[in-house]
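Pasted below: run14.csv, CSV, C-alpha atoms.
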chain,number,residue,atom,x,y,z
A,1,MET,CA,45.8,-83.8,33.6
A,2,ASP,CA,48.2,-85.6,36.0
A,3,ALA,CA,51.8,-86.0,35.1
A,4,PRO,CA,52.3,-89.0,32.8
A,5,LYS,CA,53.7,-92.2,34.3
A,6,THR,CA,57.5,-92.4,34.1
A,7,GLY,CA,58.4,-94.6,31.1
A,8,GLU,CA,55.6,-93.2,28.9
A,9,PHE,CA,57.2,-89.8,28.6
A,10,ALA,CA,60.8,-88.5,28.9
A,11,HIS,CA,60.6,-86.3,31.9
A,12,ILE,CA,62.2,-83.0,32.8
A,13,GLY,CA,61.6,-82.4,36.5
A,14,LYS,CA,60.8,-79.1,38.1
A,15,SER,CA,64.3,-78.4,39.3
A,16,VAL,CA,65.9,-78.9,35.9
A,17,VAL,CA,67.0,-76.0,33.7
A,18,VAL,CA,67.8,-76.7,30.0
A,19,LYS,CA,69.3,-74.0,27.8
A,20,GLY,CA,69.8,-74.9,24.1
A,21,ASP,CA,68.1,-76.9,21.4
A,22,LEU,CA,66.1,-79.9,22.5
A,23,SER,CA,65.0,-82.6,20.0
A,24,GLY,CA,63.9,-86.1,20.2
A,25,SER,CA,61.7,-89.0,19.0
A,26,GLU,CA,59.8,-89.7,22.1
A,27,ASP,CA,57.1,-87.9,24.1
A,28,LEU,CA,58.3,-85.3,26.5
A,29,TYR,CA,56.9,-84.0,29.8
A,30,VAL,CA,58.5,-80.7,31.0
A,31,ASP,CA,57.9,-79.5,34.5
A,32,GLY,CA,61.2,-77.5,34.7
A,33,HIS,CA,62.6,-74.6,32.7
A,34,VAL,CA,63.6,-74.9,29.0
A,35,GLU,CA,65.1,-72.0,27.0
A,36,GLY,CA,66.0,-72.3,23.3
A,37,SER,CA,63.9,-74.6,21.0
A,38,ILE,CA,62.0,-77.9,21.3
A,39,GLU,CA,61.7,-80.1,18.3
A,40,LEU,CA,59.5,-83.2,18.6
A,41,ARG,CA,58.1,-83.5,15.1
A,42,ASN,CA,56.3,-86.8,15.6
A,43,ASN,CA,55.8,-86.7,19.3
A,44,SER,CA,53.9,-84.9,22.0
A,45,LEU,CA,55.0,-82.3,24.5
A,46,ILE,CA,53.3,-81.8,27.8
A,47,VAL,CA,54.2,-78.7,29.8
A,48,GLY,CA,53.4,-79.4,33.5
A,49,PRO,CA,52.0,-76.9,35.9
A,50,ASN,CA,55.5,-75.9,37.1
A,51,GLY,CA,57.0,-75.9,33.6
A,52,THR,CA,58.3,-72.6,32.0
A,53,ILE,CA,59.3,-72.7,28.4
A,54,LYS,CA,61.0,-69.8,26.6
A,55,ALA,CA,61.4,-71.5,23.2
A,56,THR,CA,60.0,-72.1,19.8
A,57,VAL,CA,58.1,-75.4,20.0
A,58,ASN,CA,57.6,-77.8,17.1
A,59,ALA,CA,55.7,-81.0,18.0
A,60,LYS,CA,52.8,-83.3,16.9
A,61,SER,CA,50.7,-82.3,19.9
A,62,VAL,CA,51.3,-79.8,22.7
A,63,VAL,CA,49.4,-79.7,26.1
A,64,ILE,CA,50.2,-76.7,28.3
A,65,GLN,CA,49.5,-76.4,32.0
A,66,GLY,CA,52.4,-74.0,32.7
A,67,LYS,CA,53.9,-71.0,31.0
A,68,VAL,CA,55.2,-70.8,27.4
A,69,ASP,CA,56.8,-67.8,25.8
A,70,GLY,CA,57.4,-68.5,22.1
A,71,ALA,CA,55.9,-69.7,18.9
A,72,ILE,CA,54.2,-73.1,19.0
A,73,SER,CA,53.6,-75.2,15.9
A,74,ALA,CA,51.8,-78.5,16.3
A,75,SER,CA,50.9,-80.8,13.4
A,76,GLU,CA,47.9,-82.2,15.3
A,77,ARG,CA,46.6,-80.2,18.3
A,78,VAL,CA,47.3,-77.7,21.0
A,79,GLU,CA,45.6,-77.8,24.3
A,80,LEU,CA,45.7,-74.9,26.8
A,81,ARG,CA,44.6,-76.0,30.3
A,82,LYS,CA,43.1,-73.6,32.7
A,83,SER,CA,46.5,-72.8,34.4
A,84,ALA,CA,48.2,-72.2,31.0
A,85,VAL,CA,49.8,-68.8,30.3
A,86,VAL,CA,50.9,-68.5,26.6
A,87,ASN,CA,52.6,-65.6,24.9
A,88,GLY,CA,53.4,-66.4,21.3
A,89,ASP,CA,51.8,-67.4,18.0
A,90,VAL,CA,50.1,-70.8,17.7
A,91,SER,CA,49.8,-72.7,14.4
A,92,THR,CA,48.0,-76.0,14.5
A,93,HIS,CA,45.1,-78.0,13.1
A,94,ARG,CA,43.0,-78.1,16.2
A,95,ILE,CA,43.1,-76.1,19.5
A,96,ALA,CA,41.3,-76.6,22.8
A,97,ILE,CA,41.4,-73.8,25.4
A,98,GLU,CA,40.0,-74.2,28.9
A,99,ASP,CA,38.3,-71.3,30.6
A,100,GLY,CA,40.9,-69.5,32.7
A,101,ALA,CA,43.8,-70.0,30.3
A,102,SER,CA,45.6,-66.9,29.3
A,103,PHE,CA,46.7,-66.4,25.7
A,104,GLN,CA,48.4,-63.5,23.9
A,105,GLY,CA,49.4,-63.9,20.3
A,106,LYS,CA,48.0,-65.1,17.0
A,107,ILE,CA,46.2,-68.4,16.4
A,108,ASP,CA,46.3,-69.7,12.9
A,109,ILE,CA,44.3,-72.9,12.4
A,110,GLN,CA,45.8,-74.8,9.5
A,111,ARG,CA,43.1,-76.4,7.3
A,112,GLU,CA,43.6,-80.1,6.7
A,113,PRO,CA,44.3,-80.6,2.9
A,114,GLY,CA,41.3,-82.9,2.4
A,115,LYS,CA,38.9,-80.4,4.1
A,116,ALA,CA,40.3,-77.4,2.3
A,117,ALA,CA,39.7,-79.0,-1.0
A,118,ALA,CA,36.2,-80.1,0.0
A,119,SER,CA,35.2,-76.6,1.2
B,1,MET,CA,26.1,-89.4,39.2
B,2,PRO,CA,24.5,-87.7,42.2
B,3,SER,CA,23.0,-90.0,44.9
B,4,VAL,CA,19.4,-89.8,46.0
B,5,ALA,CA,20.6,-88.0,49.2
B,6,ASP,CA,22.4,-85.4,47.1
B,7,ASN,CA,19.3,-84.7,45.2
B,8,VAL,CA,17.2,-84.5,48.3
B,9,MET,CA,19.7,-82.0,49.9
B,10,ARG,CA,19.7,-80.0,46.7
B,11,PHE,CA,15.9,-79.9,46.7
B,12,PHE,CA,15.8,-78.6,50.3
B,13,ARG,CA,18.6,-76.1,49.7
B,14,GLY,CA,16.4,-74.9,46.8
B,15,SER,CA,19.6,-74.5,44.7
B,16,SER,CA,20.7,-75.8,41.4
B,17,ASP,CA,24.3,-76.3,40.3
B,18,GLN,CA,24.0,-73.0,38.4
B,19,ALA,CA,22.9,-71.1,41.5
B,20,SER,CA,25.9,-72.4,43.5
B,21,VAL,CA,28.3,-70.7,41.1
B,22,PRO,CA,29.7,-67.5,42.5
B,23,ALA,CA,28.0,-64.4,40.9
B,24,ALA,CA,31.3,-63.2,39.4
B,25,GLN,CA,31.6,-66.5,37.4
B,26,GLN,CA,28.0,-66.6,36.2
B,27,LYS,CA,27.5,-65.8,32.6
B,28,ARG,CA,24.6,-63.9,31.2
B,29,SER,CA,23.5,-63.9,27.6
B,30,ARG,CA,22.7,-60.7,25.6
B,31,ARG,CA,21.9,-60.0,22.1
B,32,SER,CA,24.4,-57.8,20.2
B,33,SER,CA,23.5,-55.8,17.1
B,34,GLY,CA,27.1,-54.8,16.7
B,35,MET,CA,28.2,-58.4,16.8
B,36,ALA,CA,25.5,-59.3,14.2
B,37,GLU,CA,27.1,-56.7,11.8
B,38,ILE,CA,30.6,-58.1,12.4
B,39,SER,CA,29.3,-61.6,11.9
B,40,ARG,CA,28.0,-60.6,8.5
B,41,LEU,CA,31.6,-59.8,7.4
B,42,LEU,CA,33.0,-62.9,9.2
B,43,ASN,CA,30.6,-65.1,7.3
B,44,SER,CA,31.1,-63.6,3.9
B,45,GLU,CA,34.9,-63.8,3.7
B,46,GLU,CA,37.6,-66.2,4.7
B,47,SER,CA,41.1,-65.7,6.3
B,48,LEU,CA,40.3,-62.4,7.9
B,49,CYS,CA,42.6,-61.1,10.6
B,50,VAL,CA,40.7,-60.5,13.8
B,51,LEU,CA,42.1,-58.8,16.9
B,52,ASP,CA,40.3,-59.6,20.2
B,53,LEU,CA,41.3,-57.1,22.9
B,54,GLY,CA,39.4,-58.8,25.7
B,55,SER,CA,40.5,-61.5,28.2
B,56,THR,CA,41.3,-64.9,26.6
B,57,SER,CA,38.0,-66.6,25.6
B,58,ALA,CA,37.9,-70.1,24.3
B,59,ASN,CA,34.5,-69.3,22.8
B,60,ASN,CA,35.8,-66.4,20.8
B,61,ILE,CA,38.8,-68.3,19.5
B,62,ARG,CA,36.6,-71.3,18.5
B,63,PHE,CA,34.1,-69.0,16.8
B,64,LEU,CA,36.7,-67.2,14.8
B,65,THR,CA,39.0,-70.0,13.9
B,66,ALA,CA,36.1,-72.3,12.9
B,67,LYS,CA,35.3,-69.7,10.2
B,68,GLY,CA,38.9,-69.9,8.9
B,69,HIS,CA,40.0,-66.5,10.3
B,70,LYS,CA,43.3,-65.7,12.0
B,71,ASN,CA,42.7,-64.8,15.7
B,72,TYR,CA,45.0,-62.4,17.5
B,73,SER,CA,44.4,-62.1,21.3
B,74,GLU,CA,45.7,-59.3,23.5
B,75,ASP,CA,44.3,-58.5,26.9
B,76,LEU,CA,44.9,-54.8,26.7
B,77,LEU,CA,43.0,-53.8,29.9
B,78,GLN,CA,45.2,-56.2,31.9
B,79,ALA,CA,48.3,-54.9,30.2
B,80,SER,CA,47.3,-51.3,31.0
B,81,LEU,CA,47.3,-52.1,34.7
B,82,ASP,CA,50.9,-53.1,34.8
B,83,PRO,CA,52.6,-51.1,37.6
B,84,ALA,CA,55.8,-50.9,35.6
B,85,LEU,CA,54.0,-48.5,33.2
B,86,ARG,CA,53.4,-45.9,35.9
B,87,VAL,CA,55.2,-42.6,35.9
B,88,LYS,CA,54.6,-39.4,37.9
B,89,ASP,CA,52.8,-36.6,36.1
B,90,GLU,CA,53.3,-32.8,36.9
B,91,THR,CA,51.1,-33.1,40.0
B,92,GLY,CA,53.0,-36.1,41.3
B,93,LYS,CA,50.2,-38.5,40.6
B,94,LEU,CA,51.1,-41.9,39.2
B,95,VAL,CA,49.6,-42.4,35.7
B,96,PRO,CA,50.4,-45.0,33.0
B,97,ASP,CA,52.9,-43.8,30.4
B,98,SER,CA,51.2,-44.1,27.0
B,99,LYS,CA,54.4,-44.2,25.0
B,100,LYS,CA,55.8,-47.1,27.1
B,101,PHE,CA,52.4,-48.8,26.9
B,102,LEU,CA,52.3,-48.6,23.1
B,103,ASP,CA,56.0,-49.6,22.8
B,104,GLU,CA,55.0,-52.9,24.5
B,105,ASN,CA,51.4,-53.5,23.2
B,106,LEU,CA,49.5,-53.3,19.9
B,107,THR,CA,52.8,-53.7,18.1
B,108,TYR,CA,51.5,-54.9,14.7
B,109,ALA,CA,52.1,-53.9,11.2
B,110,ASN,CA,50.0,-51.1,9.9
B,111,GLY,CA,46.8,-52.1,8.1
B,112,LEU,CA,46.8,-55.7,9.3
B,113,PHE,CA,43.4,-56.2,10.8
B,114,ASP,CA,40.0,-56.6,9.2
B,115,VAL,CA,38.1,-56.7,12.5
B,116,VAL,CA,39.0,-55.4,16.0
B,117,LEU,CA,36.8,-56.4,19.0
B,118,GLY,CA,37.5,-53.7,21.5
B,119,TRP,CA,34.6,-54.6,23.8
B,120,ASN,CA,34.4,-52.2,26.7
B,121,LEU,CA,38.0,-51.2,26.8
B,122,PRO,CA,37.7,-47.4,26.6
B,123,ASP,CA,35.3,-47.2,29.5
B,124,TYR,CA,37.8,-48.9,31.8
B,125,MET,CA,41.1,-47.8,30.5
B,126,GLU,CA,42.8,-44.9,32.2
B,127,GLU,CA,42.5,-41.5,30.6
B,128,SER,CA,46.1,-41.0,29.4
B,129,LEU,CA,45.9,-44.3,27.4
B,130,VAL,CA,42.5,-44.0,25.7
B,131,LYS,CA,43.2,-41.6,22.8
B,132,PRO,CA,46.7,-43.0,22.0
B,133,THR,CA,45.3,-46.5,22.0
B,134,ILE,CA,42.4,-45.6,19.6
B,135,ASP,CA,45.0,-43.9,17.3
B,136,ARG,CA,47.1,-47.0,17.3
B,137,LEU,CA,44.1,-49.2,16.5
B,138,TRP,CA,43.3,-46.9,13.6
B,139,SER,CA,46.8,-47.5,12.3
B,140,VAL,CA,46.8,-51.3,12.6
B,141,MET,CA,43.4,-51.6,10.9
B,142,LYS,CA,42.8,-52.0,7.2
B,143,PRO,CA,40.9,-49.3,5.5
B,144,GLY,CA,37.3,-50.5,5.6
B,145,GLY,CA,38.0,-52.6,8.6
B,146,LEU,CA,35.4,-52.8,11.5
B,147,LEU,CA,35.9,-51.9,15.1
B,148,LEU,CA,33.3,-52.9,17.8
B,149,VAL,CA,33.3,-51.1,21.1
B,150,PHE,CA,30.8,-50.9,24.0
B,151,PHE,CA,30.1,-47.9,26.2
B,152,HIS,CA,27.9,-47.4,29.3
B,153,THR,CA,25.0,-45.1,28.6
B,154,ARG,CA,24.8,-43.8,32.2
B,155,ASP,CA,27.1,-43.5,35.1
B,156,ALA,CA,27.0,-46.7,36.9
B,157,GLY,CA,29.7,-45.6,39.4
B,158,PRO,CA,33.4,-46.6,39.6
B,159,ASP,CA,32.5,-50.0,41.0
B,160,ALA,CA,30.3,-51.0,38.0
B,161,PRO,CA,31.5,-54.6,37.2
B,162,CYS,CA,33.7,-54.9,34.2
B,163,TYR,CA,32.6,-57.7,31.9
B,164,ARG,CA,34.4,-59.9,29.4
B,165,PHE,CA,32.5,-61.0,26.4
B,166,HIS,CA,32.2,-64.5,24.9
B,167,ILE,CA,30.8,-64.9,21.5
B,168,THR,CA,28.2,-67.6,21.5
B,169,GLY,CA,26.4,-67.0,18.2
B,170,THR,CA,26.4,-64.7,15.3
B,171,ASP,CA,24.5,-62.0,17.3
B,172,MET,CA,24.8,-63.4,20.9
B,173,LEU,CA,27.3,-62.7,23.6
B,174,GLU,CA,27.8,-64.1,27.0
B,175,THR,CA,29.0,-61.6,29.6
B,176,GLN,CA,31.2,-62.7,32.6
B,177,GLU,CA,32.6,-60.4,35.3
B,178,VAL,CA,36.3,-59.7,35.0
B,179,ARG,CA,38.3,-60.4,38.1
B,180,LEU,CA,41.9,-59.5,37.4
B,181,ALA,CA,44.5,-60.7,39.8
B,182,GLY,CA,44.6,-58.1,42.6
B,183,SER,CA,48.1,-59.2,43.7
B,184,GLY,CA,51.4,-57.9,42.5
B,185,GLY,CA,50.2,-54.3,42.7
B,186,LYS,CA,47.6,-54.8,40.0
B,187,GLN,CA,44.3,-53.0,40.2
B,188,ILE,CA,40.7,-54.2,39.7
B,189,PRO,CA,39.4,-52.4,36.6
B,190,ARG,CA,37.1,-49.5,37.4
B,191,LEU,CA,34.7,-47.6,35.3
B,192,GLN,CA,36.7,-44.5,34.5
B,193,ARG,CA,34.1,-42.2,33.0
B,194,VAL,CA,30.9,-42.2,30.8
B,195,PHE,CA,31.3,-41.0,27.3
B,196,ASN,CA,28.4,-39.2,25.7
B,197,ASN,CA,27.7,-39.4,21.9
B,198,ARG,CA,29.7,-36.3,21.2
B,199,ASN,CA,32.7,-37.6,23.2
B,200,ILE,CA,32.5,-40.9,21.2
B,201,GLU,CA,32.4,-39.1,17.9
B,202,ASN,CA,35.4,-37.0,18.9
B,203,LEU,CA,37.3,-40.0,20.1
B,204,PHE,CA,36.8,-41.8,16.7
B,205,ARG,CA,36.9,-38.8,14.5
B,206,ASP,CA,39.5,-40.3,12.2
B,207,PHE,CA,37.3,-43.3,11.4
B,208,ALA,CA,35.2,-43.2,8.1
B,209,SER,CA,31.9,-44.0,9.7
B,210,ILE,CA,30.2,-44.6,13.0
B,211,LYS,CA,27.0,-46.5,13.9
B,212,PHE,CA,25.3,-46.6,17.3
B,213,PHE,CA,23.2,-49.4,18.7
B,214,LEU,CA,21.4,-48.8,22.0
B,215,ALA,CA,21.1,-52.0,23.9
B,216,ARG,CA,18.5,-52.8,26.7
B,217,ASP,CA,21.2,-53.2,29.3
B,218,ALA,CA,22.3,-49.5,29.3
B,219,ILE,CA,25.1,-50.3,26.9
B,220,ARG,CA,25.7,-48.3,23.7
B,221,GLU,CA,27.3,-50.5,21.1
B,222,VAL,CA,29.4,-48.6,18.6
B,223,LEU,CA,30.5,-50.0,15.3
B,224,LEU,CA,33.2,-48.1,13.4
B,225,VAL,CA,34.5,-48.4,9.9
B,226,ARG,CA,38.2,-47.4,9.5

Using C-alpha cells, write down the structure that the file contains.
Amino acid sequence: MDAPKTGEFAHIGKSVVVKGDLSGSEDLYVDGHVEGSIELRNNSLIVGPNGTIKATVNAKSVVIQGKVDGAISASERVELRKSAVVNGDVSTHRIAIEDGASFQGKIDIQREPGKAAAS
Amino acid sequence: MPSVADNVMRFFRGSSDQASVPAAQQKRSRRSSGMAEISRLLNSEESLCVLDLGSTSANNIRFLTAKGHKNYSEDLLQASLDPALRVKDETGKLVPDSKKFLDENLTYANGLFDVVLGWNLPDYMEESLVKPTIDRLWSVMKPGGLLLVFFHTRDAGPDAPCYRFHITGTDMLETQEVRLAGSGGKQIPRLQRVFNNRNIENLFRDFASIKFFLARDAIREVLLVR
C-alpha cells in the first residue's frame, strides 16, 4: 500500500519523533516514531514502512507496514503487511496477515455480537 | 492478463509460474496424523489457548482464530539464535544461556495453554536449550493439554532444510523452508541431532502420555498429553 494522499490522512513523516499520548478524530499515517499511546477510536491508523511505534494502539482499523511494539486494539480490522514486525497482543474483529509478516504475541478475535448469538 | 507473447515464451521455457518460484519459497503439502488429533480437540471446544512456536503463519492464525481460539505466536527458533544470548562455557565455546533465554521467552502464566504446536523445534534448537525449553512448556500447559512436535527419523545431515508449517486443513500441513535472516550475527538453523524413540521418551518423561506417528517423509510426529 502506498502512502495515502496528503489531506486524506494526518501525516507523521519519517523524521518526526512523538513521545506522549496521541489522540484524534481523523485518520493517521505514521512513518516516523511514536512512543506512548495512540487513540483513534473511530478512525484508522496506517503505520508506514519506516514507522516505528512503541505504544498501545486503539483505533477502528490498523494497517501495519513498519514496526509496532505494544498492544493493538481495533474495533474493525488489523492488517499486517509483509514488512510488518509486531510484538504485542492484538484484539480485533478481523485480521489479515501477509506472508512474510512477523508477529509475536496473542491474537484474540472478538466475535461480533450478532454472530456470537447466532452460533 | 498475460499477452499471447508471454504465453508463447512460457510454453517454450517449459515453466509455469509455480516452477519459477525459488525452491526455498515453494510449499509442499503433507498429511499429518498429529495435526488430525489436535484438530479433533480444536473442533470440539471453543476459546482454547493455542501457542504456535513456529514462524508467523497467516494460515495458522486464520485456522485457529476462525474456530474461536486464542492464538499466541512466538518464533522460538529465531529467538534462540539471538547472539546476545551467547555465553562462554567451560571450554570457551559460545553457547546460548538457557536461563537468559527463558527469562526473555515463553514467559506465560503456568497452566495457560490447551495446545502447543512445537513443530520441529527440538531438532534445530541448540542442546543447552532443549530440555529447559521442554520443561518450561510443561509448566505453561494445562494438565491434559496437547503438544505436537516433529522429529527426523534418520540423520539428514546438518544442512537438512528446516521447515515451517502452515495448517491448511484439519489433517493437512504445508511445509516451507525457513530462511532466517543471516545478517546481524544470526545463524541459519541447522539440524542439531537425531533423537531416537528412547531419547524422545526421556525428553518428555514428565508428560502423562506420548503417541508416535511415523510419516512417509522420514518425520516422526509425536503427540504428548501434559

**Request:** Could you please select, counting all atoms listed in the file, the residues of chain A within 12 Å of chain B and state them as a ChimeraX atom specification?
**Result:** /A:79-82,84-112,115-116,119

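Of the residues listed (B:Lys131, B:Arg198, B:Lys211, B:Arg136), B:Arg136 shows the shortest atom-to-atom separation from B:Asp103; distances use only C-alpha atoms.
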
Can you tell me which residues surround stretch 52-67 of chain A at a distance of at most 8 Å, considering only C-alpha atoms, apart from same-chain residues fewer than 2 positions away, and format the answer as a ChimeraX atom specification? /A:31-50,69-86

Correct to one decimal, the distance atom CA of B:Asn202-atom CA of B:Ser139 is 16.8 Å

Restricting to all atoms listed in the file, whichever of B:Glu104, B:Asp206, B:Glu46, B:Asp89 is closest to B:Pro143 is B:Asp206

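Residues in contact with stretch 148-156 of chain B at up to 7 Å, not including ones fewer than 4 positions away on its chain and judged by only C-alpha atoms, are Gly34, Val116, Leu117, Gly118, Trp119, Asn120, Asp123, Ala160, Val194, Ala218, Ile219, Arg220, Glu221, Val222, Leu223 and Leu224 of chain B.
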
Students should find that atom CA of B:Met125 and atom CA of B:Leu77 are spaced 6.3 Å

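Of note, atom CA of B:Val130 and atom CA of B:Pro189 are spaced 14.1 Å apart.
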
task: Extract, using all atoms listed in the file, all DNA, RNA and protein residues at most 9 Å from B:Leu129, discarding same-chain residues fewer than 6 positions from it, and format them as an MDAnalysis selection string.
output: chainID B and resid 80 96:99 101:102 122

Hey, could you patch up stretch 13-40 of chain A with N, CA and C atoms and hand it over as a PDB file, in the coordinates of the input?
ATOM      1  N   GLY A  13      62.206 -82.737  35.185  1.00  0.00           N
ATOM      2  CA  GLY A  13      61.600 -82.400  36.500  1.00  0.00           C
ATOM      3  C   GLY A  13      61.695 -80.906  36.778  1.00  0.00           C
ATOM      4  N   LYS A  14      60.984 -80.509  37.846  1.00  0.00           N
ATOM      5  CA  LYS A  14      60.800 -79.100  38.100  1.00  0.00           C
ATOM      6  C   LYS A  14      62.058 -78.341  38.518  1.00  0.00           C
ATOM      7  N   SER A  15      63.095 -79.068  38.947  1.00  0.00           N
ATOM      8  CA  SER A  15      64.300 -78.400  39.300  1.00  0.00           C
ATOM      9  C   SER A  15      65.338 -78.316  38.196  1.00  0.00           C
ATOM     10  N   VAL A  16      64.945 -78.843  37.044  1.00  0.00           N
ATOM     11  CA  VAL A  16      65.900 -78.900  35.900  1.00  0.00           C
ATOM     12  C   VAL A  16      65.773 -77.704  35.007  1.00  0.00           C
ATOM     13  N   VAL A  17      66.934 -77.150  34.636  1.00  0.00           N
ATOM     14  CA  VAL A  17      67.000 -76.000  33.700  1.00  0.00           C
ATOM     15  C   VAL A  17      67.733 -76.473  32.461  1.00  0.00           C
ATOM     16  N   VAL A  18      67.126 -76.326  31.299  1.00  0.00           N
ATOM     17  CA  VAL A  18      67.800 -76.700  30.000  1.00  0.00           C
ATOM     18  C   VAL A  18      67.905 -75.464  29.171  1.00  0.00           C
ATOM     19  N   LYS A  19      69.125 -75.156  28.719  1.00  0.00           N
ATOM     20  CA  LYS A  19      69.300 -74.000  27.800  1.00  0.00           C
ATOM     21  C   LYS A  19      69.922 -74.570  26.516  1.00  0.00           C
ATOM     22  N   GLY A  20      69.235 -74.371  25.396  1.00  0.00           N
ATOM     23  CA  GLY A  20      69.800 -74.900  24.100  1.00  0.00           C
ATOM     24  C   GLY A  20      68.662 -75.518  23.315  1.00  0.00           C
ATOM     25  N   ASP A  21      69.068 -76.278  22.301  1.00  0.00           N
ATOM     26  CA  ASP A  21      68.100 -76.900  21.400  1.00  0.00           C
ATOM     27  C   ASP A  21      67.800 -78.326  21.910  1.00  0.00           C
ATOM     28  N   LEU A  22      66.527 -78.624  22.013  1.00  0.00           N
ATOM     29  CA  LEU A  22      66.100 -79.900  22.500  1.00  0.00           C
ATOM     30  C   LEU A  22      65.343 -80.644  21.440  1.00  0.00           C
ATOM     31  N   SER A  23      65.794 -81.827  21.043  1.00  0.00           N
ATOM     32  CA  SER A  23      65.000 -82.600  20.000  1.00  0.00           C
ATOM     33  C   SER A  23      64.974 -84.027  20.396  1.00  0.00           C
ATOM     34  N   GLY A  24      63.992 -84.742  19.867  1.00  0.00           N
ATOM     35  CA  GLY A  24      63.900 -86.100  20.200  1.00  0.00           C
ATOM     36  C   GLY A  24      62.782 -86.846  19.447  1.00  0.00           C
ATOM     37  N   SER A  25      62.728 -88.176  19.651  1.00  0.00           N
ATOM     38  CA  SER A  25      61.700 -89.000  19.000  1.00  0.00           C
ATOM     39  C   SER A  25      60.891 -89.735  19.997  1.00  0.00           C
ATOM     40  N   GLU A  26      60.694 -89.138  21.162  1.00  0.00           N
ATOM     41  CA  GLU A  26      59.800 -89.700  22.100  1.00  0.00           C
ATOM     42  C   GLU A  26      59.006 -88.563  22.803  1.00  0.00           C
ATOM     43  N   ASP A  27      57.899 -88.914  23.430  1.00  0.00           N
ATOM     44  CA  ASP A  27      57.100 -87.900  24.100  1.00  0.00           C
ATOM     45  C   ASP A  27      57.827 -87.288  25.251  1.00  0.00           C
ATOM     46  N   LEU A  28      57.547 -86.015  25.501  1.00  0.00           N
ATOM     47  CA  LEU A  28      58.300 -85.300  26.500  1.00  0.00           C
ATOM     48  C   LEU A  28      57.385 -84.574  27.492  1.00  0.00           C
ATOM     49  N   TYR A  29      57.671 -84.706  28.773  1.00  0.00           N
ATOM     50  CA  TYR A  29      56.900 -84.000  29.800  1.00  0.00           C
ATOM     51  C   TYR A  29      57.928 -82.994  30.468  1.00  0.00           C
ATOM     52  N   VAL A  30      57.614 -81.711  30.427  1.00  0.00           N
ATOM     53  CA  VAL A  30      58.500 -80.700  31.000  1.00  0.00           C
ATOM     54  C   VAL A  30      57.847 -80.031  32.177  1.00  0.00           C
ATOM     55  N   ASP A  31      58.430 -80.199  33.347  1.00  0.00           N
ATOM     56  CA  ASP A  31      57.900 -79.500  34.500  1.00  0.00           C
ATOM     57  C   ASP A  31      58.968 -78.501  35.030  1.00  0.00           C
ATOM     58  N   GLY A  32      60.093 -78.434  34.308  1.00  0.00           N
ATOM     59  CA  GLY A  32      61.200 -77.500  34.700  1.00  0.00           C
ATOM     60  C   GLY A  32      61.215 -76.345  33.720  1.00  0.00           C
ATOM     61  N   HIS A  33      62.433 -75.831  33.490  1.00  0.00           N
ATOM     62  CA  HIS A  33      62.600 -74.600  32.700  1.00  0.00           C
ATOM     63  C   HIS A  33      63.400 -74.981  31.406  1.00  0.00           C
ATOM     64  N   VAL A  34      62.866 -74.637  30.248  1.00  0.00           N
ATOM     65  CA  VAL A  34      63.600 -74.900  29.000  1.00  0.00           C
ATOM     66  C   VAL A  34      63.677 -73.570  28.222  1.00  0.00           C
ATOM     67  N   GLU A  35      64.879 -73.263  27.769  1.00  0.00           N
ATOM     68  CA  GLU A  35      65.100 -72.000  27.000  1.00  0.00           C
ATOM     69  C   GLU A  35      65.826 -72.390  25.725  1.00  0.00           C
ATOM     70  N   GLY A  36      65.299 -72.028  24.578  1.00  0.00           N
ATOM     71  CA  GLY A  36      66.000 -72.300  23.300  1.00  0.00           C
ATOM     72  C   GLY A  36      64.928 -72.799  22.288  1.00  0.00           C
ATOM     73  N   SER A  37      64.968 -74.086  21.931  1.00  0.00           N
ATOM     74  CA  SER A  37      63.900 -74.600  21.000  1.00  0.00           C
ATOM     75  C   SER A  37      63.653 -76.076  21.372  1.00  0.00           C
ATOM     76  N   ILE A  38      62.429 -76.493  21.074  1.00  0.00           N
ATOM     77  CA  ILE A  38      62.000 -77.900  21.300  1.00  0.00           C
ATOM     78  C   ILE A  38      61.483 -78.444  20.026  1.00  0.00           C
ATOM     79  N   GLU A  39      62.069 -79.534  19.585  1.00  0.00           N
ATOM     80  CA  GLU A  39      61.700 -80.100  18.300  1.00  0.00           C
ATOM     81  C   GLU A  39      61.300 -81.582  18.512  1.00  0.00           C
ATOM     82  N   LEU A  40      60.007 -81.849  18.432  1.00  0.00           N
ATOM     83  CA  LEU A  40      59.500 -83.200  18.600  1.00  0.00           C
ATOM     84  C   LEU A  40      58.498 -83.493  17.505  1.00  0.00           C
TER      85      LEU A  40
END
